[in-house]
$ cat target11.tsv   # TSV, C-alpha atoms and all ligand atoms
chain	number	residue	atom	x	y	z
V	9	MET	CA	0.00	0.00	0.00
V	10	LYS	CA	1.08	3.60	-0.58
V	11	GLU	CA	2.53	5.69	2.19
V	12	PRO	CA	-0.37	6.87	4.36
V	13	LEU	CA	-1.53	10.47	4.23
V	14	PHE	CA	-1.97	10.18	7.97
V	15	LEU	CA	-1.24	7.28	10.28
V	16	PHE	CA	-3.06	7.54	13.60
V	17	ARG	CA	-1.11	5.39	16.04
V	18	GLY	CA	-1.69	4.10	19.54
V	19	ILE	CA	-5.12	5.66	20.05
V	20	ASN	CA	-6.44	5.08	23.55
V	21	LYS	CA	-9.74	6.42	24.82
V	22	THR	CA	-11.51	5.91	28.11
V	23	PHE	CA	-14.97	7.14	29.13
V	24	ALA	CA	-15.69	6.99	32.85
V	25	GLU	CA	-13.13	4.24	33.40
V	26	SER	CA	-14.45	2.18	30.52
V	27	GLN	CA	-11.70	1.68	27.92
V	28	VAL	CA	-13.36	2.17	24.54
V	29	LEU	CA	-10.24	2.22	22.32
V	30	LEU	CA	-7.11	0.25	23.16
V	31	ASN	CA	-3.96	1.04	21.23
V	32	VAL	CA	-5.74	1.41	17.88
V	33	ASP	CA	-3.67	2.11	14.75
V	34	ILE	CA	-5.34	3.25	11.54
V	35	SER	CA	-3.69	4.31	8.26
V	36	LEU	CA	-5.47	6.70	5.96
V	37	CYS	CA	-4.20	6.33	2.39
V	38	GLN	CA	-5.05	8.17	-0.78
V	39	GLY	CA	-7.76	6.45	-2.85
V	40	ASN	CA	-8.32	3.82	-0.15
V	41	CYS	CA	-11.63	2.94	1.50
V	42	ILE	CA	-11.87	1.39	4.96
V	43	LEU	CA	-15.08	-0.21	6.18
V	44	LEU	CA	-15.43	-0.22	9.96
V	45	SER	CA	-18.02	-2.48	11.53
V	46	GLY	CA	-18.76	-3.66	15.05
V	47	LYS	CA	-21.64	-3.86	17.50
V	48	ASN	CA	-23.33	-0.75	18.86
V	49	GLY	CA	-21.30	0.96	21.52
V	50	THR	CA	-17.96	-0.56	20.48
V	51	GLY	CA	-16.43	2.85	19.74
V	52	LYS	CA	-16.75	3.33	15.97
V	53	SER	CA	-18.05	6.89	16.22
V	54	THR	CA	-15.50	7.71	18.91
V	55	LEU	CA	-12.68	6.55	16.63
V	56	LEU	CA	-13.93	8.65	13.70
V	57	LYS	CA	-14.37	11.69	15.93
V	58	ILE	CA	-10.81	11.38	17.26
V	59	ILE	CA	-9.52	11.23	13.66
V	60	ALA	CA	-11.63	14.29	12.82
V	61	GLY	CA	-10.40	16.21	15.85
V	62	LEU	CA	-13.87	16.30	17.44
V	63	GLU	CA	-13.07	14.06	20.40
V	64	ILE	CA	-9.90	14.13	22.48
V	65	PRO	CA	-8.05	10.81	22.93
V	66	ASP	CA	-6.31	9.93	26.19
V	67	VAL	CA	-3.22	9.42	24.08
V	68	ALA	CA	-2.49	9.08	20.35
V	69	GLU	CA	0.14	9.97	17.77
V	70	ILE	CA	-0.18	11.10	14.20
V	71	VAL	CA	2.51	10.08	11.71
V	72	ILE	CA	2.87	12.20	8.56
V	73	SER	CA	5.59	11.42	5.99
V	74	GLY	CA	7.28	9.16	8.52
V	75	LYS	CA	7.38	11.88	11.19
V	76	SER	CA	5.51	11.19	14.40
V	77	GLU	CA	3.96	13.86	16.62
V	78	SER	CA	1.42	13.81	19.41
V	79	TRP	CA	-2.25	14.00	18.40
V	80	LYS	CA	-2.60	17.19	20.41
V	81	LYS	CA	0.23	18.95	18.61
V	82	THR	CA	-0.79	17.95	15.07
V	83	ILE	CA	-4.56	17.64	14.98
V	84	THR	CA	-5.35	21.33	14.34
V	85	GLU	CA	-3.40	21.13	11.09
V	86	VAL	CA	-4.60	17.65	10.14
V	87	ARG	CA	-8.30	18.33	10.68
V	88	LYS	CA	-8.30	20.85	7.81
V	89	ALA	CA	-7.89	17.91	5.44
V	90	ILE	CA	-10.62	15.80	7.04
V	91	ILE	CA	-14.42	16.00	6.96
V	92	TYR	CA	-16.65	13.98	9.30
V	93	LEU	CA	-20.26	13.37	8.26
V	94	HIS	CA	-22.87	12.51	10.86
V	95	GLN	CA	-25.42	9.76	10.41
V	96	GLN	CA	-28.18	12.38	10.26
V	97	PRO	CA	-27.24	14.82	7.51
V	98	LEU	CA	-27.07	18.23	9.18
V	99	LEU	CA	-28.52	20.40	6.44
V	100	PHE	CA	-29.36	24.07	6.86
V	101	SER	CA	-32.76	25.46	6.02
V	102	GLY	CA	-32.43	26.67	2.44
V	103	THR	CA	-32.14	25.20	-1.00
V	104	VAL	CA	-30.03	22.24	-2.06
V	105	GLU	CA	-27.65	24.55	-3.93
V	106	ALA	CA	-27.31	26.89	-0.93
V	107	ASN	CA	-26.40	23.92	1.24
V	108	ILE	CA	-23.82	22.68	-1.24
V	109	ALA	CA	-22.35	26.18	-1.62
V	110	TYR	CA	-22.08	26.69	2.13
V	111	GLY	CA	-18.49	25.54	2.74
V	112	LEU	CA	-17.18	27.51	-0.23
V	113	ARG	CA	-17.73	30.73	1.70
V	114	PHE	CA	-14.59	29.91	3.64
V	115	THR	CA	-12.45	29.39	0.52
V	116	SER	CA	-10.70	31.97	-1.67
V	117	LEU	CA	-13.06	31.40	-4.63
V	118	ASN	CA	-14.94	34.45	-5.95
V	119	ILE	CA	-18.73	34.43	-6.46
V	120	LYS	CA	-18.51	33.34	-10.10
V	121	GLN	CA	-16.09	30.53	-9.30
V	122	ARG	CA	-18.29	29.38	-6.42
V	123	SER	CA	-21.34	29.31	-8.65
V	124	GLU	CA	-19.47	27.26	-11.31
V	125	SER	CA	-18.22	24.90	-8.66
V	126	VAL	CA	-21.74	24.36	-7.27
V	127	LYS	CA	-23.09	23.73	-10.77
V	128	THR	CA	-20.42	21.09	-11.40
V	129	ALA	CA	-21.07	19.47	-8.03
V	130	LEU	CA	-24.85	19.35	-8.60
V	131	ALA	CA	-24.30	17.66	-11.95
V	132	TRP	CA	-21.73	15.29	-10.42
V	133	ALA	CA	-24.25	14.11	-7.83
V	134	GLY	CA	-27.26	14.04	-10.17
V	135	LEU	CA	-28.92	16.79	-8.12
V	136	THR	CA	-29.23	19.51	-10.78
V	137	LYS	CA	-33.03	19.20	-11.00
V	138	LEU	CA	-33.34	19.54	-7.23
V	139	ALA	CA	-31.06	22.61	-6.96
V	140	LYS	CA	-33.86	25.03	-6.02
V	141	GLN	CA	-35.72	22.68	-3.67
V	142	GLN	CA	-35.69	23.20	0.08
V	143	ALA	CA	-33.18	20.63	1.30
V	144	ASN	CA	-35.13	19.71	4.43
V	145	THR	CA	-38.18	18.66	2.39
V	146	LEU	CA	-36.26	15.86	0.64
V	147	SER	CA	-36.07	12.18	1.60
V	148	GLY	CA	-33.36	10.98	3.99
V	149	GLY	CA	-31.45	9.37	1.12
V	150	VAL	CA	-31.39	12.53	-0.99
V	151	GLN	CA	-30.47	14.65	2.03
V	152	GLN	CA	-27.51	12.37	2.64
V	153	ARG	CA	-26.51	12.76	-1.02
V	154	VAL	CA	-26.63	16.55	-0.55
V	155	ALA	CA	-24.42	16.17	2.52
V	156	PHE	CA	-21.92	14.02	0.55
V	157	THR	CA	-21.86	16.65	-2.21
V	158	ARG	CA	-21.36	19.47	0.28
V	159	ALA	CA	-18.31	17.58	1.54
V	160	TRP	CA	-17.06	16.59	-1.93
V	161	ILE	CA	-17.04	20.18	-3.18
V	162	LEU	CA	-14.48	21.05	-0.50
V	163	LYS	CA	-12.17	18.28	-1.78
V	164	PRO	CA	-11.04	16.94	1.61
V	165	LYS	CA	-8.18	14.43	1.58
V	166	VAL	CA	-10.13	12.24	4.01
V	167	LEU	CA	-13.88	11.73	4.32
V	168	LEU	CA	-15.27	10.01	7.42
V	169	LEU	CA	-18.84	8.72	7.09
V	170	ASP	CA	-20.60	7.61	10.25
V	171	GLU	CA	-23.41	5.16	9.42
V	172	PRO	CA	-24.26	6.94	6.16
V	173	MET	CA	-26.67	4.23	5.00
V	174	ALA	CA	-28.79	4.14	8.15
V	175	ASN	CA	-31.72	6.20	6.88
V	176	MET	CA	-31.68	5.14	3.24
V	177	ASP	CA	-33.73	2.82	1.11
V	178	HIS	CA	-32.06	0.32	-1.22
V	179	GLU	CA	-32.03	2.64	-4.25
V	180	SER	CA	-30.47	5.51	-2.28
V	181	ARG	CA	-27.81	3.18	-0.88
V	182	ILE	CA	-26.77	2.16	-4.38
V	183	GLN	CA	-26.66	5.80	-5.51
V	184	ALA	CA	-24.66	6.76	-2.43
V	185	CYS	CA	-22.18	3.92	-3.06
V	186	ASN	CA	-21.69	5.08	-6.62
V	187	LEU	CA	-20.86	8.59	-5.42
V	188	LEU	CA	-18.43	7.15	-2.88
V	189	LEU	CA	-16.79	5.00	-5.54
V	190	ARG	CA	-16.21	8.11	-7.65
V	191	MET	CA	-14.80	9.99	-4.65
V	192	LYS	CA	-12.41	7.11	-4.05
V	193	SER	CA	-11.39	7.02	-7.73
V	194	ALA	CA	-10.62	10.75	-7.48
V	195	GLY	CA	-8.12	9.90	-4.72
V	196	MET	CA	-10.12	10.58	-1.58
V	197	SER	CA	-9.37	8.46	1.48
V	198	ILE	CA	-12.67	7.21	2.92
V	199	VAL	CA	-13.62	5.57	6.20
V	200	ILE	CA	-17.20	4.32	6.58
V	201	THR	CA	-18.88	2.80	9.61
V	202	SER	CA	-21.85	0.64	8.77
V	203	HIS	CA	-24.00	-2.30	9.75
V	204	VAL	CA	-25.17	-2.98	6.21
V	205	LEU	CA	-22.04	-4.52	4.81
V	206	GLN	CA	-23.29	-5.90	1.51
V	207	TYR	CA	-23.30	-2.50	-0.19
V	208	PHE	CA	-19.55	-2.08	0.06
V	209	ASP	CA	-18.45	-4.86	-2.27
V	210	GLY	CA	-16.09	-3.25	-4.75
V	211	LEU	CA	-15.82	-0.08	-2.65
V	212	ALA	CA	-14.05	-1.13	0.55
V	213	ASP	CA	-10.37	-2.07	0.26
V	214	GLN	CA	-10.07	-3.00	3.92
V	215	HIS	CA	-12.60	-4.12	6.50
V	216	PHE	CA	-11.97	-3.87	10.23
V	217	LYS	CA	-14.22	-4.97	13.04
V	218	LEU	CA	-13.97	-3.04	16.29
V	219	LYS	CA	-14.14	-5.47	19.21
V	220	HIS	CA	-13.12	-4.96	22.84
V	221	GLY	CA	-11.36	-1.72	21.89
V	222	ARG	CA	-9.23	-3.25	19.14
V	223	LEU	CA	-9.43	-3.39	15.35
V	224	GLU	CA	-9.65	-6.91	13.97
V	225	THR	CA	-9.06	-7.49	10.28
V	226	ALA	CA	-12.23	-8.82	8.65
V	227	LYS	CA	-13.03	-10.17	5.22
V	228	VAL	CA	-13.56	-7.73	2.38
V	229	SER	CA	-15.35	-8.74	-0.77
V	230	LYS	CA	-14.07	-7.21	-4.00
V	231	LYS	CA	-16.13	-9.22	-6.42
V	232	LYS	CA	-17.92	-6.30	-8.07
V	233	GLU	CA	-16.34	-3.50	-10.05
V	234	SER	CA	-19.15	-1.13	-9.09
V	235	PRO	CA	-22.03	-1.33	-6.61
V	236	ALA	CA	-24.40	-0.61	-9.49
V	237	ALA	CA	-23.00	-3.39	-11.67
A	301	LIG	N1	-19.20	11.68	25.21
A	301	LIG	C1	-19.30	10.50	25.83
A	301	LIG	N2	-19.34	10.41	27.19
A	301	LIG	C2	-19.38	9.21	27.80
A	301	LIG	N3	-19.43	8.03	27.16
A	301	LIG	C3	-19.42	8.05	25.83
A	301	LIG	C4	-19.35	9.28	25.09
A	301	LIG	N4	-19.33	8.99	23.77
A	301	LIG	C5	-19.39	7.66	23.68
A	301	LIG	N5	-19.45	7.09	24.91
A	301	LIG	C6	-19.48	5.66	25.20
A	301	LIG	O1	-18.42	5.05	24.49
A	301	LIG	C7	-18.83	3.83	23.93
A	301	LIG	C8	-18.62	3.85	22.43
A	301	LIG	O2	-19.56	4.74	21.84
A	301	LIG	P1	-19.61	5.00	20.29
A	301	LIG	O3	-18.26	5.43	19.83
A	301	LIG	O4	-20.73	5.93	20.03
A	301	LIG	O5	-19.91	3.54	19.72
A	301	LIG	P2	-20.49	3.08	18.30
A	301	LIG	O6	-20.37	4.23	17.36
A	301	LIG	O7	-19.65	1.89	17.92
A	301	LIG	O8	-21.91	2.67	18.53
A	301	LIG	C9	-20.27	3.61	24.37
A	301	LIG	O9	-20.29	2.82	25.50
A	301	LIG	C10	-20.75	5.01	24.66
A	301	LIG	O10	-21.76	4.98	25.64
A	302	MG	MG	-21.77	5.21	16.22

$ encode --input "target11.tsv" --output "structure tokens" --more "lines below"
Ligand SMILES: Nc1ncnc2c1ncn2[C@@H]1O[C@H](COP(=O)(O)OP(=O)(O)O)[C@@H](O)[C@H]1O
Ligand SMILES: [Mg+2]
Amino acid sequence: MKEPLFLFRGINKTFAESQVLLNVDISLCQGNCILLSGKNGTGKSTLLKIIAGLEIPDVAEIVISGKSESWKKTITEVRKAIIYLHQQPLLFSGTVEANIAYGLRFTSLNIKQRSESVKTALAWAGLTKLAKQQANTLSGGVQQRVAFTRAWILKPKVLLLDEPMANMDHESRIQACNLLLRMKSAGMSIVITSHVLQYFDGLADQHFKLKHGRLETAKVSKKKESPAA
């Protein structure tokens, strides 16, 4: 495998004396997709949040280009390259295009460039026809697709998806997987937590099960070229 963009090493996390993560290592590589499964309460969300800088570990290191630093020292810089998406898409009241454009306000793009970028993103996600709709009136599956697109437009190096399929029907799951496959092909590093494992054939390169605070390597199926095939 290629050299990781970021290697999170030796992650430990305790909540009220209960050890949730025990010396967990996870490598985030360009164009690689990790599927993370495990029973409820095993620490999947906690792990993603530590990677995203949203939860503080008891101890952890981050290795970049072979150089190791403490999580605390490095995370502020690293988190700029990482987007964490909640299970429930957190959309703002407003149209689909306004939601997708939101993050661009913090970039150096001018209004014309932002508008072009939103147009491209809408087309990329098959959302052009829904551009003027109020985002919060759409189905859970479409809202999640809007949330993916809002993340994609910012071109993060790493995308962390926490139970993205939970509120989707079969059709939406297939559409979502196709978007994720294209994100991966474009070089994004993706980590997904999910209970519904069958959708990730051909998408996930690695599968880990979180059990008793540790990551166990699990089987990954690569039989399909595309989830829609
Ligand atoms: N902020 C918190 N305060 C206390 N306990 C927490 C907190 N967040 C998570 N936990 C506990 O840590 C464990 C792992 O939670 P979580 O990471 O949400 O698991 P999963 O995503 O695998 O369902 C659970 O026992 C949960 O109750
Ligand atoms: Mg969770």

$ residues_around --input "target11.tsv" --residues "stretch 60-65 of chain V" --least-positions-apart "5" --cutoff "12 Å" --atoms "only C-alpha atoms" --output "ChimeraX atom specification"
/V:14,16-23,27-32,36,51,53-55,70,78-94,164-170,199

$ closest_residue --input "target11.tsv" --among "V:Gln95, V:Ser73, V:Gln38, V:Ser45" --to "V:Lys219" --atoms "only C-alpha atoms"
V:Ser45

$ residues_around --input "target11.tsv" --residues "V:Leu211" --least-positions-apart "2" --cutoff "6 Å" --atoms "only C-alpha atoms" --output "ChimeraX atom specification"
/V:189,208-209

$ residues_around --input "target11.tsv" --residues "stretch 96-102 of chain V" --least-positions-apart "5" --cutoff "7 Å" --atoms "all atoms listed in the file" --output "PDB file with C-alpha atoms, in the frame of the given file"
ATOM      1  CA  ASN V 107     -26.400  23.920   1.240  1.00  0.00           C
ATOM      2  CA  GLN V 142     -35.690  23.200   0.080  1.00  0.00           C
ATOM      3  CA  ALA V 143     -33.180  20.630   1.300  1.00  0.00           C
ATOM      4  CA  ASN V 144     -35.130  19.710   4.430  1.00  0.00           C
ATOM      5  CA  GLN V 151     -30.470  14.650   2.030  1.00  0.00           C
ATOM      6  CA  GLN V 152     -27.510  12.370   2.640  1.00  0.00           C
ATOM      7  CA  ALA V 155     -24.420  16.170   2.520  1.00  0.00           C
TER       8      ALA V 155
END

$ residues_around --input "target11.tsv" --residues "V:Thr157" --least-positions-apart "6" --cutoff "8 Å" --atoms "all atoms listed in the file" --output "PyMOL selection string"
chain V and resi 108+129-130+133

$ closest_residue --input "target11.tsv" --among "V:Lys52, V:Lys75, V:Lys10, V:His220" --to "ligand LIG 301 (chain A)" --atoms "all atoms listed in the file"
V:Lys52

$ residues_around --input "target11.tsv" --residues "V:Glu124" --least-positions-apart "5" --cutoff "12 Å" --atoms "all atoms listed in the file" --output "PyMOL selection string"
chain V and resi 105+108-109+112+117-119+129-131+161

$ closest_residue --input "target11.tsv" --among "V:Gln141, V:Asn40, V:Thr128, V:Asn175" --to "V:Gly210" --atoms "only C-alpha atoms"
V:Asn40

$ closest_residue --input "target11.tsv" --among "V:Ser35, V:Glu11, V:Lys120, V:Trp160" --to "V:Arg190" --atoms "all atoms listed in the file"
V:Trp160

$ closest_residue --input "target11.tsv" --among "V:Ser193, V:Asn48, V:Thr145, V:Ser26" --to "ligand MG 302 (chain A)" --atoms "only C-alpha atoms and all ligand atoms"
V:Asn48

$ atom_distance --input "target11.tsv" --atom1 "atom CA of V:Ala212" --atom2 "atom CA of V:Ala226"
11.3 Å

$ atom_distance --input "target11.tsv" --atom1 "atom CA of V:Arg113" --atom2 "atom CA of V:Leu138"
21.2 Å

$ closest_residue --input "target11.tsv" --among "V:Gly148, V:Gly39, V:Gly195, V:Pro172" --to "ligand MG 302 (chain A)" --atoms "only C-alpha atoms and all ligand atoms"
V:Pro172

$ decode --input "target11.tsv" --residues "stretch 119-156 of chain V" --atoms "N, CA and C atoms" --output "short mmCIF file (atom, residue, chain, number, x, y, z; two decimals), in the first residue's frame"
data_model
loop_
_atom_site.label_atom_id
_atom_site.label_comp_id
_atom_site.auth_asym_id
_atom_site.auth_seq_id
_atom_site.Cartn_x
_atom_site.Cartn_y
_atom_site.Cartn_z
N ILE V 119 -17.32 34.85 -6.32
CA ILE V 119 -18.73 34.43 -6.46
C ILE V 119 -18.95 33.61 -7.72
N LYS V 120 -18.34 34.04 -8.82
CA LYS V 120 -18.51 33.34 -10.10
C LYS V 120 -17.91 31.93 -10.01
N GLN V 121 -16.74 31.84 -9.43
CA GLN V 121 -16.09 30.53 -9.30
C GLN V 121 -16.90 29.60 -8.40
N ARG V 122 -17.47 30.19 -7.35
CA ARG V 122 -18.29 29.38 -6.42
C ARG V 122 -19.51 28.83 -7.15
N SER V 123 -20.13 29.71 -7.94
CA SER V 123 -21.34 29.31 -8.65
C SER V 123 -21.03 28.19 -9.66
N GLU V 124 -19.90 28.31 -10.36
CA GLU V 124 -19.47 27.26 -11.31
C GLU V 124 -19.23 25.94 -10.57
N SER V 125 -18.58 26.07 -9.44
CA SER V 125 -18.22 24.90 -8.66
C SER V 125 -19.49 24.17 -8.17
N VAL V 126 -20.48 24.94 -7.74
CA VAL V 126 -21.74 24.36 -7.27
C VAL V 126 -22.46 23.67 -8.43
N LYS V 127 -22.44 24.31 -9.59
CA LYS V 127 -23.09 23.73 -10.77
C LYS V 127 -22.45 22.37 -11.11
N THR V 128 -21.15 22.33 -11.11
CA THR V 128 -20.42 21.09 -11.40
C THR V 128 -20.77 20.02 -10.37
N ALA V 129 -20.81 20.43 -9.10
CA ALA V 129 -21.07 19.47 -8.03
C ALA V 129 -22.50 18.92 -8.13
N LEU V 130 -23.45 19.79 -8.45
CA LEU V 130 -24.85 19.35 -8.60
C LEU V 130 -24.95 18.31 -9.71
N ALA V 131 -24.27 18.59 -10.82
CA ALA V 131 -24.30 17.66 -11.95
C ALA V 131 -23.61 16.35 -11.56
N TRP V 132 -22.50 16.46 -10.86
CA TRP V 132 -21.73 15.29 -10.42
C TRP V 132 -22.60 14.34 -9.60
N ALA V 133 -23.44 14.94 -8.74
CA ALA V 133 -24.25 14.11 -7.83
C ALA V 133 -25.63 13.80 -8.38
N GLY V 134 -25.93 14.26 -9.60
CA GLY V 134 -27.26 14.04 -10.17
C GLY V 134 -28.33 14.83 -9.42
N LEU V 135 -27.97 16.00 -8.92
CA LEU V 135 -28.92 16.79 -8.12
C LEU V 135 -29.35 18.08 -8.82
N THR V 136 -28.97 18.25 -10.08
CA THR V 136 -29.23 19.51 -10.78
C THR V 136 -30.71 19.89 -10.73
N LYS V 137 -31.58 18.90 -10.96
CA LYS V 137 -33.03 19.20 -11.00
C LYS V 137 -33.56 19.62 -9.64
N LEU V 138 -32.86 19.23 -8.60
CA LEU V 138 -33.34 19.54 -7.23
C LEU V 138 -32.67 20.79 -6.64
N ALA V 139 -31.88 21.49 -7.47
CA ALA V 139 -31.06 22.61 -6.96
C ALA V 139 -31.87 23.63 -6.18
N LYS V 140 -33.09 23.94 -6.66
CA LYS V 140 -33.86 25.03 -6.02
C LYS V 140 -34.82 24.52 -4.94
N GLN V 141 -34.82 23.23 -4.71
CA GLN V 141 -35.72 22.68 -3.67
C GLN V 141 -35.19 22.95 -2.28
N GLN V 142 -36.11 23.07 -1.32
CA GLN V 142 -35.69 23.20 0.08
C GLN V 142 -35.10 21.85 0.52
N ALA V 143 -33.88 21.89 1.00
CA ALA V 143 -33.18 20.63 1.30
C ALA V 143 -33.91 19.80 2.35
N ASN V 144 -34.52 20.48 3.34
CA ASN V 144 -35.13 19.71 4.43
C ASN V 144 -36.49 19.10 4.07
N THR V 145 -36.93 19.30 2.82
CA THR V 145 -38.18 18.66 2.39
C THR V 145 -37.89 17.34 1.64
N LEU V 146 -36.62 17.03 1.44
CA LEU V 146 -36.26 15.86 0.64
C LEU V 146 -36.17 14.61 1.51
N SER V 147 -36.16 13.45 0.86
CA SER V 147 -36.07 12.18 1.60
C SER V 147 -34.71 12.07 2.27
N GLY V 148 -34.62 11.18 3.26
CA GLY V 148 -33.36 10.98 3.99
C GLY V 148 -32.21 10.64 3.06
N GLY V 149 -32.50 9.80 2.05
CA GLY V 149 -31.45 9.37 1.12
C GLY V 149 -30.92 10.53 0.30
N VAL V 150 -31.83 11.38 -0.16
CA VAL V 150 -31.39 12.53 -0.99
C VAL V 150 -30.67 13.54 -0.10
N GLN V 151 -31.16 13.73 1.11
CA GLN V 151 -30.47 14.65 2.03
C GLN V 151 -29.03 14.19 2.28
N GLN V 152 -28.87 12.88 2.41
CA GLN V 152 -27.51 12.37 2.64
C GLN V 152 -26.65 12.63 1.41
N ARG V 153 -27.25 12.50 0.22
CA ARG V 153 -26.51 12.76 -1.02
C ARG V 153 -26.09 14.24 -1.09
N VAL V 154 -26.97 15.12 -0.61
CA VAL V 154 -26.63 16.55 -0.55
C VAL V 154 -25.45 16.75 0.41
N ALA V 155 -25.51 16.05 1.54
CA ALA V 155 -24.42 16.17 2.52
C ALA V 155 -23.10 15.66 1.94
N PHE V 156 -23.15 14.54 1.21
CA PHE V 156 -21.92 14.02 0.55
C PHE V 156 -21.37 15.09 -0.41
#
